[in-house]
Amino acid sequence: MTQPTPPWPMNQWYVAAYSSDIEAELFGRTICGEPLVFYRTVEGEVVALADRCVHRRFPLSKSQLVDDQVICGYHGFTYDRTGTCVAAPGQKRIPRSARVPSWPVAEQDSLVWVWIGDPERADTDRLPRAPWLDHADYTTVRGMESLAAGYELLVDNLLDLSHETYLHGGHIGTPEVAETPITTEVDEDAHIVYVSRHMDDAACPPFYARSTGIEGRITRWQDIEYHPPCLYLLHSRIAPVGTPDPVEGRPDDQAFRVEVVYAITPETERSTHDFWMVARDFALEDTEVSRFLAESNRTVVLQDVEALDVLQVVVESEKENYQELSINIDTGGLAARRMLKRQREAGALVEA
Amino acid sequence: MTQPTPPWPMNQWYVAAYSSDIEAELFGRTICGEPLVFYRTVEGEVVALADRCVHRRFPLSKSQLVDDQVICGYHGFTYDRTGTCVAAPGQKRIPRSARVPSWPVAEQDSLVWVWIGDPERADTDRLPRAPWLDHADYTTVRGMESLAAGYELLVDNLLDLSHETYLHGGHIGTPEVAETPITTEVDEDAHIVYVSRHMDDAACPPFYARSTGIEGRITRWQDIEYHPPCLYLLHSRIAPVGTPDPVEGRPDDQAFRVEVVYAITPETERSTHDFWMVARDFALEDTEVSRFLAESNRTVVLQDVEALDVLQVVVESEKENYQELSINIDTGGLAARRMLKRQREAGALVEA
Amino acid sequence: MTQPTPPWPMNQWYVAAYSSDIEAELFGRTICGEPLVFYRTVEGEVVALADRCVHRRFPLSKSQLVDDQVICGYHGFTYDRTGTCVAAPGQKRIPRSARVPSWPVAEQDSLVWVWIGDPERADTDRLPRAPWLDHADYTTVRGMESLAAGYELLVDNLLDLSHETYLHGGHIGTPEVAETPITTEVDEDAHIVYVSRHMDDAACPPFYARSTGIEGRITRWQDIEYHPPCLYLLHSRIAPVGTPDPVEGRPDDQAFRVEVVYAITPETERSTHDFWMVARDFALEDTEVSRFLAESNRTVVLQDVEALDVLQVVVESEKENYQELSINIDTGGLAARRMLKRQREAGALVEA
């Protein structure tokens with residue numbers, strides 16, 4: 001038995017917020033078309049409920065949180081952390097059907113994940129990891145931007161970094177990025193797309209020059225690891241030209257590691273929560289480096305947002321059946337699209 | 001013979017404006033999807049015409065009024081108060097079909113009513129009354145707010161005042177409103193829904209404490225009388241706790257009466273003219289009380305507007321066949337909905 | 001064989017810009033629904049390409065122009081003036097299909113024209129002329145306004161100048177314009193609609209009084225010559241009352257000639273590029289007259305824009321099958337509509 005293919009993969013974990021975003025206050029956010037309200041209980045657990053009162057659909061996020069219970073701001077229907085209604089106005093009896101759905105939530109690596117799909121199938125073992133975000137050997141700067149474009153345009157963007165040369169020149173782009181061929185690998189079982197670009201002798205863009213202090217040309221490795229649908233990891237290794245390649249078990253002292261992480265969370269079919277994080281293994285206490293990397297990366301993300309917002313409008317205005325032309329640099333992006341398509345199609349299956 | 005059910009009751013009177021709004025100037029307002037232009041003739045009669053020139057559809061409200069005639073601002077087609085074209089540019093002969101529809105209008109109780117439907121059936125005997133709006137024993141403050149929501153959401157809102165406790169706390173809401181059960185009565189013949197809530201011992205909200213000067217707890221009666229589709233009356237009686245109930249024929253000296261009136265006039269399917277009036281039988285000359293009640297009630301109305309505007313967006317974004325849950329407090333609102341539904345369905349009948 | 005009728009005539013020349021607008025910079029403009037990018041090569045030739053990169057549809061107008069080549073701002077695909085891709089990122093081989101369409105362009109009378117339709121049929125002999133725009137005996141002021149209305153509303157507007165009396169009173173309108181009958185002539189072979197209004201004894205509106213210095217009443221001729229779809233010429237002759245009619249071969253010394261030109265270029269189905277030009281044969285060096293005519297005409301155009309923007313919303317909100325009423329003044333406009341309709345229908349024919 002099938003139903004229409006959903007616009008995003010179902011039965012998946014999506015990043016809903018940073019852990020520090022969710023406190024003892026109501027926090028509304030739409031994830032994959034579902035309006036949700038989040039809060040943290042007194043005991044520290046994160047709760048995700050449907051953001052609609054069962055009575056007249058008023059958003060619970062515009063309501064009040066008292067003693068871990070949500071009191072609807074319109075007529076006072078009151079819900080506990082499981083979504084069960086525990087009080088209704090003007091009467092003692094609570095109708096049995098008075099409950100709002102609750103969603104499985106998990107916290108890991110400083111991220112709040114929510115499971116979109118059948119709650120029975122929520123499995124925290126399948127949560128993809130980004131351990132450096134929450135590790136003492138790294139310092140992380142981060143942010144979130146609202147993208148007025150579908151999530152697949154952002155996936156395309158991040159899977160093909162040759163755009164750094166043109167869209168992000170002066171920040172992270174240099175001529176070598178677009179010039180250097182990539183290698184792509186797809187692990188169908190683990191559901192991961194790998195795209196690698198190793199530049200042996202490249203100009204050092206300001207983003208790395210100013211943060212690492214390297215002068216002169218560099219060896220620059222970009223190793224992408226995309227876990228569809230939501231988590232994107234860019235393992236970036238920067239070292240002065242001539243630094244030997246790292247050897248298992250030996251320290252790679254001259255190299256600097258930057259772990260760039262994106263969480264790509266659909267809000268609606270044409271808007272996306274664009275979470276970005278930059279974790280580094282150097283200058284851990286240097287607030288000036290933190291400030292610079294946060295500002296630079298935000299600038300770069302906003303350049304993408306501007307371009308992709310334009311592209312969304314363009315794509316929507318195209319005649320049907322317009323053609324794209326794909327070349328070698330798109331290998332990773334096309335592999336990601338195929339994997340996302342299969343994930344979406346799996347969501348159309350309803351188990352008997 | 002039937003036609004599609006219209007989105008609002010047809011062959012009904014709707015409040016179009018306050019009498020003082022209509023002067024010897026063109027005044028455009030859309031009522032039940034009909035763009036209308038209003039003006040007052042030199043003799044004081046209110047005229048309502050279609051707000052579209054027959055020639056090229058230019059809005060007559062953006063035109064000029066000269067000697068009780070409307071001169072179209074685009075090419076000068078000129079209409080008298082009946083909507084008949086009396087002059088056309090570049091020629092002496094006026095085409096016979098050159099006329100714009102005119103609408104039956106009535107003025108009563110300081111309100112301008114317009115009949116939406118078959119003009120032949122307009123019957124001023126059916127005009128619902130709110131005589132205190134224009135009576136020497138009362139002083140009235142009033143306003144009108146634009147609601148970006150369908151009229152039925154406002155009807156729901158006003159028929160169930162338990163929301164005062166949650167949405168209007170600090171103004172007119174206290175815990176007793178939501179706690180006290182209601183009684184509902186429906187007069188099918190007279191087309192009236194009655195909802196009553198009598199609180200014998202309630203906190204006095206600032207709205208009444210500051211205007212009446214009562215200190216301490218009160219007896220508070222809310223007697224709603226809704227005349228679908230447009231007129232809503234809330235007879236409010238406030239008295240110090242222990243004041244005897246009023247007896248027919250005897251003065252009710254210790255009580256204060258406030259007549260709250262709403263006119264609920266659809267503009268489009270998703271916008272509504274929300275007229276509000278507050279008439280009181282005390283402190284008639286006290287401008288400070290007038291100022292306070294006007295400001296308080298406007299604040300309360302804007303809280304409703306904000307909530308209902310949100311709700312309109314929510315309801316439009318819901319999947320089809322979403323469920324509402326109704327409880328005792330909704331009895332009046334559900335009765336009103338049924339009566340409105342029958343009124344709309346009657347509008348789909350075309351007499352043979 | 002036919003396809004759906006396009007919303008505007010195909011296989012026609014449309015004004016895309018003033019010649020001076022197009023320099024050695026990328027200039028994006030949508031013409032008849034086609035997003036185009038224009039630039040001028042080093043040799044001075046104007047180029048028009050599709051404003052969409054073949055790779056991922058990024059607008060080329062948001063890209064970079066280097067040595068007459070367009071380098072896409074997203075991933076660096078590079079196109080020459082014919083639209084052929086000459087460089088792609090990360091590889092030497094250029095896919096054969098990597099080309100963006102180019103459009104025929106012509107420059108004449110200070111205007112840049114683009115051919116919308118089958119490039120094979122582009123024929124510069126069919127370019128309509130407005131030679132005074134670029135002639136030493138005339139001085140021209142001009143501008144372009146964006147109209148949020150379909151092009152046919154502007155055609156209606158310009159073909160019936162009786163609206164000058166009502167919409168443009170105090171600038172170019174006087175009572176005589178609306179009062180004086182018109183004569184209309186249609187040349188089906190040449191595809192021209194002529195509308196003439198000769199006022200023998202008329203008030204002189206400020207537009208002409210202040211620019212010509214005439215005091216007192218005037219003979220005022222308005223001779224319209226509309227070349228559908230795009231070019232509209234208004235030959236305006238102004239002379240003191242009593243000036244003899246011009247005679248072929250004799251100087252018409254007491255008269256002033258103003259050539260008002262509009263280019264009506266659809267942008268989308270509900271927006272139009274409204275180019276306006278005013279060429280005069282007097283006070284050629286007088287910058288004060290130039291300033292005054294530019295400011296006055298812009299004011300008049302903006303009055304039209306405001307009215308037509310309103311009208312577009314009105315027309316879109318009308319129930320289907322609403323009726324217009326046309327009278328004598330509409331003869332020219334109706335003839336123009338018929339000609340445009342035939343031109344559009346011709347665009348639905350695909351040659352076998």
# chains A, B, ... in the order shown; residues from 1 in each chain; ligands from 1
>>> interface_residues(of="chain B", to="chain C", cutoff="8 Å", atoms="only C-alpha atoms", output="PyMOL selection string")
chain B and resi 54-59+72-76+89-91+98
>>> write_last_selection(atoms="N, CA and C atoms", output="short mmCIF file (atom, residue, chain, number, x, y, z; two decimals), in the first residue's frame")
data_model
loop_
_atom_site.label_atom_id
_atom_site.label_comp_id
_atom_site.auth_asym_id
_atom_site.auth_seq_id
_atom_site.Cartn_x
_atom_site.Cartn_y
_atom_site.Cartn_z
N VAL B 54 -18.95 51.40 -14.93
CA VAL B 54 -19.37 50.41 -15.95
C VAL B 54 -18.43 50.38 -17.15
N HIS B 55 -17.68 51.47 -17.35
CA HIS B 55 -16.88 51.60 -18.55
C HIS B 55 -15.65 50.68 -18.49
N ARG B 56 -14.72 50.98 -17.60
CA ARG B 56 -13.50 50.17 -17.52
C ARG B 56 -13.20 49.68 -16.11
N ARG B 57 -14.21 49.63 -15.24
CA ARG B 57 -14.11 49.07 -13.89
C ARG B 57 -13.32 49.93 -12.92
N PHE B 58 -13.05 51.17 -13.24
CA PHE B 58 -12.28 52.00 -12.31
C PHE B 58 -13.08 52.22 -11.02
N PRO B 59 -12.41 52.16 -9.84
CA PRO B 59 -13.13 52.33 -8.57
C PRO B 59 -13.71 53.75 -8.45
N CYS B 72 -16.45 59.65 -12.50
CA CYS B 72 -15.35 58.67 -12.49
C CYS B 72 -14.01 59.35 -12.72
N GLY B 73 -13.03 58.97 -11.92
CA GLY B 73 -11.72 59.62 -11.97
C GLY B 73 -10.88 59.23 -13.16
N TYR B 74 -11.37 58.28 -13.99
CA TYR B 74 -10.56 57.86 -15.13
C TYR B 74 -11.03 58.59 -16.40
N HIS B 75 -12.30 58.40 -16.79
CA HIS B 75 -12.77 59.03 -18.04
C HIS B 75 -13.99 59.92 -17.85
N GLY B 76 -14.45 60.12 -16.61
CA GLY B 76 -15.51 61.08 -16.38
C GLY B 76 -16.95 60.59 -16.51
N PRO B 89 -18.14 60.79 -21.61
CA PRO B 89 -17.22 61.69 -22.32
C PRO B 89 -17.39 61.61 -23.84
N GLY B 90 -17.26 62.76 -24.49
CA GLY B 90 -17.17 62.80 -25.95
C GLY B 90 -18.48 62.56 -26.68
N GLN B 91 -19.60 62.44 -25.99
CA GLN B 91 -20.86 62.21 -26.69
C GLN B 91 -22.04 62.65 -25.81
N ALA B 98 -25.99 51.95 -19.15
CA ALA B 98 -24.96 52.58 -18.32
C ALA B 98 -25.50 52.91 -16.94
#
>>> select_by_dssp(residues="range 195-228 of chain C", states="alpha helix (DSSP H)", output="list in words")
Pro206, Phe207, Tyr208, Ala209, Arg210, Ser211 and Thr212 of chain C
>>> write_last_selection(atoms="C-alpha atoms", output="compact mmCIF listing (two decimals), in the first residue's frame")
# COMPACT_ATOMS: atom_id res chain seq x y z
CA PRO C 206 0.43 73.88 -18.13
CA PHE C 207 2.49 71.21 -19.87
CA TYR C 208 2.38 73.19 -23.11
CA ALA C 209 1.89 76.70 -21.74
CA ARG C 210 5.05 76.65 -19.69
CA SER C 211 7.19 74.88 -22.27
CA THR C 212 6.14 76.87 -25.37
>>> atom_distance(atom1="CA of Met339 in chain A", atom2="CA of Asn297 in chain A")
27.7 Å
>>> select_by_dssp(residues="range 148-219 of chain A", states="strand (DSSP E)", output="list in words")
Thr183, Thr184, Glu185, Val186, Asp187, Ile192, Val193, Tyr194, Val195, Ser196, Arg197, His198, Met199, Asp200, Asp201, Ala202, Ile218 and Thr219 of chain A
>>> write_last_selection(atoms="C-alpha atoms", output="tab-separated table (two decimals), in the first residue's frame")
chain	number	residue	atom	x	y	z
A	183	THR	CA	36.58	11.93	-5.96
A	184	THR	CA	33.17	10.70	-4.96
A	185	GLU	CA	32.23	7.54	-3.11
A	186	VAL	CA	28.80	6.32	-2.12
A	187	ASP	CA	28.16	3.89	0.72
A	192	ILE	CA	26.68	8.16	3.27
A	193	VAL	CA	28.01	10.18	0.34
A	194	TYR	CA	31.72	11.01	0.41
A	195	VAL	CA	33.24	13.76	-1.74
A	196	SER	CA	36.94	14.57	-1.47
A	197	ARG	CA	39.12	17.26	-2.93
A	198	HIS	CA	42.78	17.34	-1.97
A	199	MET	CA	44.72	20.40	-3.08
A	200	ASP	CA	48.46	19.91	-2.64
A	201	ASP	CA	49.50	23.45	-3.35
A	202	ALA	CA	46.88	26.13	-3.01
A	218	ILE	CA	48.97	25.39	1.78
A	219	THR	CA	47.95	21.80	1.42
>>> atom_distance(atom1="CA of Val241 in chain A", atom2="CA of Arg217 in chain A")
5.7 Å
